Amino acid sequence: MSHANSPIIRTPSYSRTTMTELVLPNHANVQGNILGGRVMHLIDLVGAMTAARHSRLQVVTATVDSLVFLHPVKVGDLILLEANLTRSFHTSMEVIVQVHSEALHTGERVQTSTSFLTFVALDSKGKPCS
């Protein structure tokens with residue numbers, strides 16, 4: 001029996017993606033906190049990587065369903081992002097991204113943001129596909 005045309009089953013853990021960066025002064029506002037737009041950029045990147053890993057196709061961001069900033073991330077801290085697939089539909093995928101800060105000297109971690117995003121997989125002509 002051939003499995004050549006069988007769908008590939010991927011679990012959420014298969015496409016889980018993590019990313020870590022050091023927050024530098026050029027990423028910060030005058031209060032010494034990372035810019036919200038920078039956090040949004042990183043969330044979009046790690047979310048897209050997760051959706052692309054799951055679908056093995058190019059993806060585009062369709063929606064940012066929610067984004068909550070809970071605590072600031074200071075210059076000199078690490079920003080840690082973890083993205084996990086929460087749902088997969090015909091052409092789209094929902095991803096949750098959880099963001100934490102880590103103080104380098106103490107190791108203390110604080111959840112700073114949470115976001116849900118929807119990505120759409122594209123075929124070679126740029127059209128939504130499954």
# chains A, B, ... in the order shown; residues from 1 in each chain; ligands from 1
$ closest_atom_pairs --of "stretch 13-77 of chain A" --to "stretch 106-120 of chain A" --cutoff "12 Å" --atoms "only C-alpha atoms" --output "Markdown table"
| residue | atom | partner | partner_atom | distance |
| --- | --- | --- | --- | --- |
| A:Asn33 | CA | A:Thr112 | CA | 11.6 |
| A:Ile34 | CA | A:Thr112 | CA | 11.0 |
| A:Gly36 | CA | A:Ser113 | CA | 10.1 |
| A:Val39 | CA | A:Ser113 | CA | 8.7 |
| A:Met40 | CA | A:Ser115 | CA | 9.0 |
| A:His41 | CA | A:Ser115 | CA | 11.8 |
| A:Leu42 | CA | A:Ser115 | CA | 11.2 |
| A:Ile43 | CA | A:Ser115 | CA | 7.6 |
| A:Asp44 | CA | A:Leu117 | CA | 7.9 |
| A:Leu45 | CA | A:Leu117 | CA | 10.9 |
| A:Val46 | CA | A:Leu117 | CA | 10.6 |
| A:Gly47 | CA | A:Leu117 | CA | 7.2 |
| A:Ala48 | CA | A:Phe119 | CA | 7.0 |
| A:Met49 | CA | A:Phe119 | CA | 10.2 |
| A:Thr50 | CA | A:Phe119 | CA | 9.6 |
| A:Ala51 | CA | A:Phe119 | CA | 6.6 |
| A:Ala52 | CA | A:Phe119 | CA | 8.8 |
| A:Arg53 | CA | A:Phe119 | CA | 11.8 |
| A:His54 | CA | A:Phe119 | CA | 10.9 |
| A:Ser55 | CA | A:Val120 | CA | 9.5 |
| A:Arg56 | CA | A:Val120 | CA | 11.8 |
| A:Leu57 | CA | A:Val120 | CA | 9.4 |
| A:Gln58 | CA | A:Val120 | CA | 8.4 |
| A:Val59 | CA | A:Val120 | CA | 5.3 |
| A:Val60 | CA | A:Val120 | CA | 5.4 |
| A:Thr61 | CA | A:Phe119 | CA | 4.5 |
| A:Ala62 | CA | A:Phe119 | CA | 5.2 |
| A:Thr63 | CA | A:Thr118 | CA | 5.1 |
| A:Val64 | CA | A:Leu117 | CA | 4.4 |
| A:Asp65 | CA | A:Phe116 | CA | 5.3 |
| A:Ser66 | CA | A:Ser115 | CA | 5.3 |
| A:Leu67 | CA | A:Ser115 | CA | 4.3 |
| A:Val68 | CA | A:Ser113 | CA | 5.4 |
| A:Phe69 | CA | A:Ser113 | CA | 4.6 |
| A:Leu70 | CA | A:Thr112 | CA | 4.8 |
| A:His71 | CA | A:Thr112 | CA | 4.6 |
| A:Pro72 | CA | A:Thr112 | CA | 6.4 |
| A:Val73 | CA | A:Thr112 | CA | 7.1 |
| A:Lys74 | CA | A:Thr112 | CA | 10.8 |
| A:Asp77 | CA | A:Gly107 | CA | 9.6 |
$ select_by_dssp --residues "stretch 15-51 of chain A" --states "strand (DSSP E)" --output "count of residues only"
6
$ closest_residue --among "A:Arg10, A:Gly32, A:Ser101, A:Arg16" --to "A:Leu85" --atoms "only C-alpha atoms"
A:Arg16
$ atom_distance --atom1 "atom CA of A:Tyr14" --atom2 "atom CA of A:Leu122"
19.9 Å
$ closest_residue --among "A:Cys129, A:Gln98, A:Arg87, A:Ile79" --to "A:Thr20" --atoms "only C-alpha atoms"
A:Ile79
$ closest_residue --among "A:Val23, A:Leu80, A:Ser15, A:His90" --to "A:Leu35" --atoms "only C-alpha atoms"
A:Val23
$ residues_around --residues "A:Pro25" --least-positions-apart "2" --cutoff "6 Å" --atoms "only C-alpha atoms" --output "JSON, numbers by chain"
{"A": [27, 28, 75]}
$ atom_distance --atom1 "atom CA of A:Ala83" --atom2 "atom CA of A:Lys127"
24.5 Å
$ select_by_dssp --residues "chain A" --states "alpha helix (DSSP H)" --output "list in words"
Pro12, Ser13, Tyr14, Ser15, Gly36, Gly37, Arg38, Val39, Met40, His41, Leu42, Ile43, Asp44, Leu45, Val46, Gly47, Ala48, Met49, Thr50, Ala51, Ala52, Arg53, His54 and Ser55 of chain A
$ write_last_selection --atoms "N, CA, C and O atoms" --output "short mmCIF file (atom, residue, chain, number, x, y, z; two decimals), in the first residue's frame"
data_model
loop_
_atom_site.label_atom_id
_atom_site.label_comp_id
_atom_site.auth_asym_id
_atom_site.auth_seq_id
_atom_site.Cartn_x
_atom_site.Cartn_y
_atom_site.Cartn_z
N PRO A 12 1.24 20.04 16.78
CA PRO A 12 1.68 21.40 17.13
C PRO A 12 3.13 21.45 17.61
O PRO A 12 3.83 22.42 17.33
N SER A 13 3.59 20.42 18.29
CA SER A 13 4.98 20.43 18.76
C SER A 13 5.98 20.40 17.60
O SER A 13 7.10 20.87 17.73
N TYR A 14 5.57 19.85 16.46
CA TYR A 14 6.44 19.80 15.28
C TYR A 14 6.82 21.20 14.80
O TYR A 14 7.94 21.44 14.37
N SER A 15 5.87 22.13 14.87
CA SER A 15 6.11 23.46 14.32
C SER A 15 6.41 24.52 15.39
O SER A 15 6.59 25.69 15.06
N GLY A 36 7.04 48.98 21.31
CA GLY A 36 5.94 48.07 21.05
C GLY A 36 5.94 47.56 19.62
O GLY A 36 5.64 46.39 19.36
N GLY A 37 6.30 48.42 18.68
CA GLY A 37 6.37 48.01 17.28
C GLY A 37 7.43 46.96 17.03
O GLY A 37 7.27 46.08 16.19
N ARG A 38 8.52 47.03 17.78
CA ARG A 38 9.58 46.02 17.67
C ARG A 38 9.06 44.67 18.17
O ARG A 38 9.31 43.63 17.56
N VAL A 39 8.33 44.70 19.29
CA VAL A 39 7.74 43.47 19.83
C VAL A 39 6.76 42.89 18.81
O VAL A 39 6.76 41.68 18.54
N MET A 40 5.94 43.75 18.20
CA MET A 40 4.98 43.30 17.20
C MET A 40 5.70 42.64 16.01
O MET A 40 5.26 41.61 15.50
N HIS A 41 6.80 43.24 15.59
CA HIS A 41 7.60 42.70 14.48
C HIS A 41 8.11 41.29 14.82
O HIS A 41 7.99 40.36 14.01
N LEU A 42 8.66 41.14 16.03
CA LEU A 42 9.19 39.83 16.44
C LEU A 42 8.07 38.80 16.56
O LEU A 42 8.25 37.64 16.19
N ILE A 43 6.92 39.21 17.08
CA ILE A 43 5.76 38.31 17.18
C ILE A 43 5.34 37.83 15.80
O ILE A 43 5.09 36.64 15.59
N ASP A 44 5.28 38.74 14.84
CA ASP A 44 4.89 38.38 13.48
C ASP A 44 5.90 37.40 12.86
O ASP A 44 5.52 36.42 12.22
N LEU A 45 7.19 37.66 13.08
CA LEU A 45 8.23 36.78 12.53
C LEU A 45 8.14 35.36 13.08
O LEU A 45 8.12 34.38 12.34
N VAL A 46 8.09 35.24 14.41
CA VAL A 46 8.08 33.91 15.02
C VAL A 46 6.76 33.19 14.72
O VAL A 46 6.75 31.98 14.52
N GLY A 47 5.67 33.93 14.64
CA GLY A 47 4.39 33.33 14.26
C GLY A 47 4.41 32.81 12.84
O GLY A 47 3.94 31.70 12.56
N ALA A 48 4.97 33.60 11.92
CA ALA A 48 5.05 33.17 10.52
C ALA A 48 5.95 31.96 10.36
O ALA A 48 5.65 31.05 9.57
N MET A 49 7.05 31.91 11.12
CA MET A 49 7.92 30.74 11.05
C MET A 49 7.17 29.48 11.49
O MET A 49 7.32 28.41 10.88
N THR A 50 6.37 29.60 12.52
CA THR A 50 5.60 28.46 13.01
C THR A 50 4.60 27.99 11.97
O THR A 50 4.49 26.79 11.69
N ALA A 51 3.85 28.93 11.37
CA ALA A 51 2.86 28.57 10.35
C ALA A 51 3.54 27.96 9.12
O ALA A 51 3.05 26.98 8.55
N ALA A 52 4.68 28.51 8.73
CA ALA A 52 5.40 27.97 7.56
C ALA A 52 5.97 26.58 7.86
O ALA A 52 5.94 25.71 6.98
N ARG A 53 6.44 26.38 9.07
CA ARG A 53 6.94 25.05 9.44
C ARG A 53 5.82 24.02 9.42
O ARG A 53 6.02 22.87 9.04
N HIS A 54 4.64 24.44 9.84
CA HIS A 54 3.50 23.51 9.87
C HIS A 54 3.04 23.18 8.45
O HIS A 54 2.82 22.01 8.13
N SER A 55 2.90 24.20 7.61
CA SER A 55 2.35 23.98 6.27
C SER A 55 3.41 23.64 5.23
O SER A 55 3.10 23.10 4.17
#
$ closest_residue --among "A:Ser88, A:Met93, A:Gly76, A:His100" --to "A:Thr18" --atoms "only C-alpha atoms"
A:His100
$ decode --residues "stretch 25-42 of chain A" --atoms "N, CA and C atoms" --output "PDB file, in the first residue's frame"
ATOM      1  N   PRO A  25      19.769  49.360  23.104  1.00  0.00           N
ATOM      2  CA  PRO A  25      19.245  50.733  23.152  1.00  0.00           C
ATOM      3  C   PRO A  25      18.550  51.186  21.867  1.00  0.00           C
ATOM      4  N   ASN A  26      19.021  50.715  20.708  1.00  0.00           N
ATOM      5  CA  ASN A  26      18.366  51.129  19.458  1.00  0.00           C
ATOM      6  C   ASN A  26      16.998  50.485  19.254  1.00  0.00           C
ATOM      7  N   HIS A  27      16.596  49.560  20.133  1.00  0.00           N
ATOM      8  CA  HIS A  27      15.268  48.940  20.099  1.00  0.00           C
ATOM      9  C   HIS A  27      14.320  49.589  21.094  1.00  0.00           C
ATOM     10  N   ALA A  28      14.783  50.627  21.811  1.00  0.00           N
ATOM     11  CA  ALA A  28      14.044  51.127  22.977  1.00  0.00           C
ATOM     12  C   ALA A  28      13.513  52.541  22.781  1.00  0.00           C
ATOM     13  N   ASN A  29      12.532  52.861  23.625  1.00  0.00           N
ATOM     14  CA  ASN A  29      11.998  54.222  23.701  1.00  0.00           C
ATOM     15  C   ASN A  29      12.781  55.004  24.759  1.00  0.00           C
ATOM     16  N   VAL A  30      12.354  56.230  25.038  1.00  0.00           N
ATOM     17  CA  VAL A  30      13.102  57.078  25.984  1.00  0.00           C
ATOM     18  C   VAL A  30      13.010  56.577  27.424  1.00  0.00           C
ATOM     19  N   GLN A  31      12.064  55.690  27.732  1.00  0.00           N
ATOM     20  CA  GLN A  31      11.965  55.093  29.070  1.00  0.00           C
ATOM     21  C   GLN A  31      12.881  53.879  29.233  1.00  0.00           C
ATOM     22  N   GLY A  32      13.552  53.491  28.150  1.00  0.00           N
ATOM     23  CA  GLY A  32      14.441  52.331  28.226  1.00  0.00           C
ATOM     24  C   GLY A  32      13.727  51.004  28.046  1.00  0.00           C
ATOM     25  N   ASN A  33      12.506  51.037  27.505  1.00  0.00           N
ATOM     26  CA  ASN A  33      11.727  49.832  27.239  1.00  0.00           C
ATOM     27  C   ASN A  33      11.720  49.551  25.740  1.00  0.00           C
ATOM     28  N   ILE A  34      11.684  48.275  25.369  1.00  0.00           N
ATOM     29  CA  ILE A  34      11.606  47.925  23.957  1.00  0.00           C
ATOM     30  C   ILE A  34      10.366  48.567  23.339  1.00  0.00           C
ATOM     31  N   LEU A  35      10.503  49.033  22.116  1.00  0.00           N
ATOM     32  CA  LEU A  35       9.379  49.642  21.404  1.00  0.00           C
ATOM     33  C   LEU A  35       8.302  48.592  21.135  1.00  0.00           C
ATOM     34  N   GLY A  36       7.044  48.981  21.312  1.00  0.00           N
ATOM     35  CA  GLY A  36       5.938  48.070  21.047  1.00  0.00           C
ATOM     36  C   GLY A  36       5.939  47.560  19.616  1.00  0.00           C
ATOM     37  N   GLY A  37       6.302  48.422  18.681  1.00  0.00           N
ATOM     38  CA  GLY A  37       6.366  48.013  17.276  1.00  0.00           C
ATOM     39  C   GLY A  37       7.434  46.960  17.032  1.00  0.00           C
ATOM     40  N   ARG A  38       8.518  47.028  17.777  1.00  0.00           N
ATOM     41  CA  ARG A  38       9.577  46.019  17.668  1.00  0.00           C
ATOM     42  C   ARG A  38       9.063  44.669  18.170  1.00  0.00           C
ATOM     43  N   VAL A  39       8.329  44.698  19.291  1.00  0.00           N
ATOM     44  CA  VAL A  39       7.737  43.466  19.828  1.00  0.00           C
ATOM     45  C   VAL A  39       6.758  42.889  18.807  1.00  0.00           C
ATOM     46  N   MET A  40       5.942  43.751  18.204  1.00  0.00           N
ATOM     47  CA  MET A  40       4.979  43.297  17.197  1.00  0.00           C
ATOM     48  C   MET A  40       5.702  42.644  16.013  1.00  0.00           C
ATOM     49  N   HIS A  41       6.799  43.239  15.590  1.00  0.00           N
ATOM     50  CA  HIS A  41       7.598  42.697  14.484  1.00  0.00           C
ATOM     51  C   HIS A  41       8.112  41.292  14.822  1.00  0.00           C
ATOM     52  N   LEU A  42       8.665  41.138  16.028  1.00  0.00           N
ATOM     53  CA  LEU A  42       9.189  39.834  16.445  1.00  0.00           C
ATOM     54  C   LEU A  42       8.074  38.802  16.562  1.00  0.00           C
TER      55      LEU A  42
END
